[in-house]
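See structure below.
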Amino acid sequence: LVVLQSYRDDTAGEASAYVEYAPRFAALIKAQGGRVVLYETTPDTQNATPLTAAPDPAPIVAKARTIAALARRIDATVVPMSMVALHCQTVRPI
């Protein structure tokens, strides 16, 4: 397993560096018999400043959908931490 972790390079949707480069790395990984895991971190809308309420889910869901589509394209597993954090921040925002 090889984990390709996003940071803030994945918030531009299909135009992001993560979406551009993950397939290139995935091809190299698969050529060596490896499996790819896309570890999706939380966007800055979730963690730039301390929260006093749940964050706006729209950019978080959009980002998660982009990463899920990428995973389907390159046959990778996704660890959707932005959605996990959104759940936690919605249940207990402060």
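In the structure tokens, chains take letters A, B, ... by order of appearance, with residues numbered from 1 within each chain and ligands from 1 in the order shown.
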For this session: Using DSSP on the backbone coordinates, identify the residues of chain A assigned to alpha helix (DSSP H); present them as a PyMOL selection string.
Result: chain A and resi 17-31+44-47+57-74+81-91
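Residues with any atom within 9 Å of range 75-85 of chain A, counting only C-alpha atoms and excluding same-chain neighbours fewer than 2 positions away, are Ala26, Arg35, Val36, Val37, Leu38, Tyr39, Glu40, Thr41, Thr42, Pro43, Gln46, Pro57, Ile60, Val61, Lys63, Ala64, Ile67, Ala68, Leu70, Ala71, Arg72, Arg73, His87, Cys88, Gln89 and Thr90 of chain A.
Within chain A, DSSP applied to the backbone places the following residues in strand (DSSP E or B): Val2, Val3, Leu4, Gln5, Val36, Val37, Leu38, Tyr39, Glu40, Thr77, Val78, Val79 and Pro80 of chain A.
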Exercise. Which residues come within 12 Å of Ala12 in chain A, counting only C-alpha atoms, excluding same-chain residues fewer than 2 positions away, as a PyMOL selection string?
Worked result: chain A and resi 6-10+14-20+43+59-60+62-64+66-67
C-alpha atoms of the current selection, written as a compact mmCIF listing (two decimals), in the first residue's frame:
```
# COMPACT_ATOMS: atom_id res chain seq x y z
CA SER A 6 -3.51 15.50 0.10
CA TYR A 7 -2.90 18.75 1.88
CA ARG A 8 -4.23 21.99 0.53
CA ASP A 9 -3.33 20.96 -2.99
CA ASP A 10 -6.73 19.41 -3.59
CA GLU A 14 -10.50 18.84 -11.07
CA ALA A 15 -7.89 21.58 -11.65
CA SER A 16 -5.99 20.75 -8.45
CA ALA A 17 -2.42 19.52 -8.33
CA TYR A 18 -3.61 16.46 -6.39
CA VAL A 19 -5.96 15.42 -9.20
CA GLU A 20 -3.22 16.09 -11.74
CA PRO A 43 -9.81 21.60 3.73
CA PRO A 59 -17.01 22.85 -0.10
CA ILE A 60 -16.25 19.79 2.01
CA ALA A 62 -17.50 18.97 -3.23
CA LYS A 63 -13.91 18.14 -2.36
CA ALA A 64 -14.84 14.65 -1.17
CA THR A 66 -13.75 15.11 -6.50
CA ILE A 67 -11.42 12.78 -4.59
```
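From CA of Pro55 in chain A back to CA of Leu4 in chain A, the distance works out to 25.3 Å.
CA of Ala58 in chain A is positioned 28.3 Å from CA of Arg24 in chain A.
You will find CA of Leu51 in chain A at 23.3 Å from CA of Arg65 in chain A.
Nearest to Ala69 in chain A of all the residues A:Thr49, A:Gly13, A:Tyr21, A:Val91 is A:Gly13, counting only C-alpha atoms.
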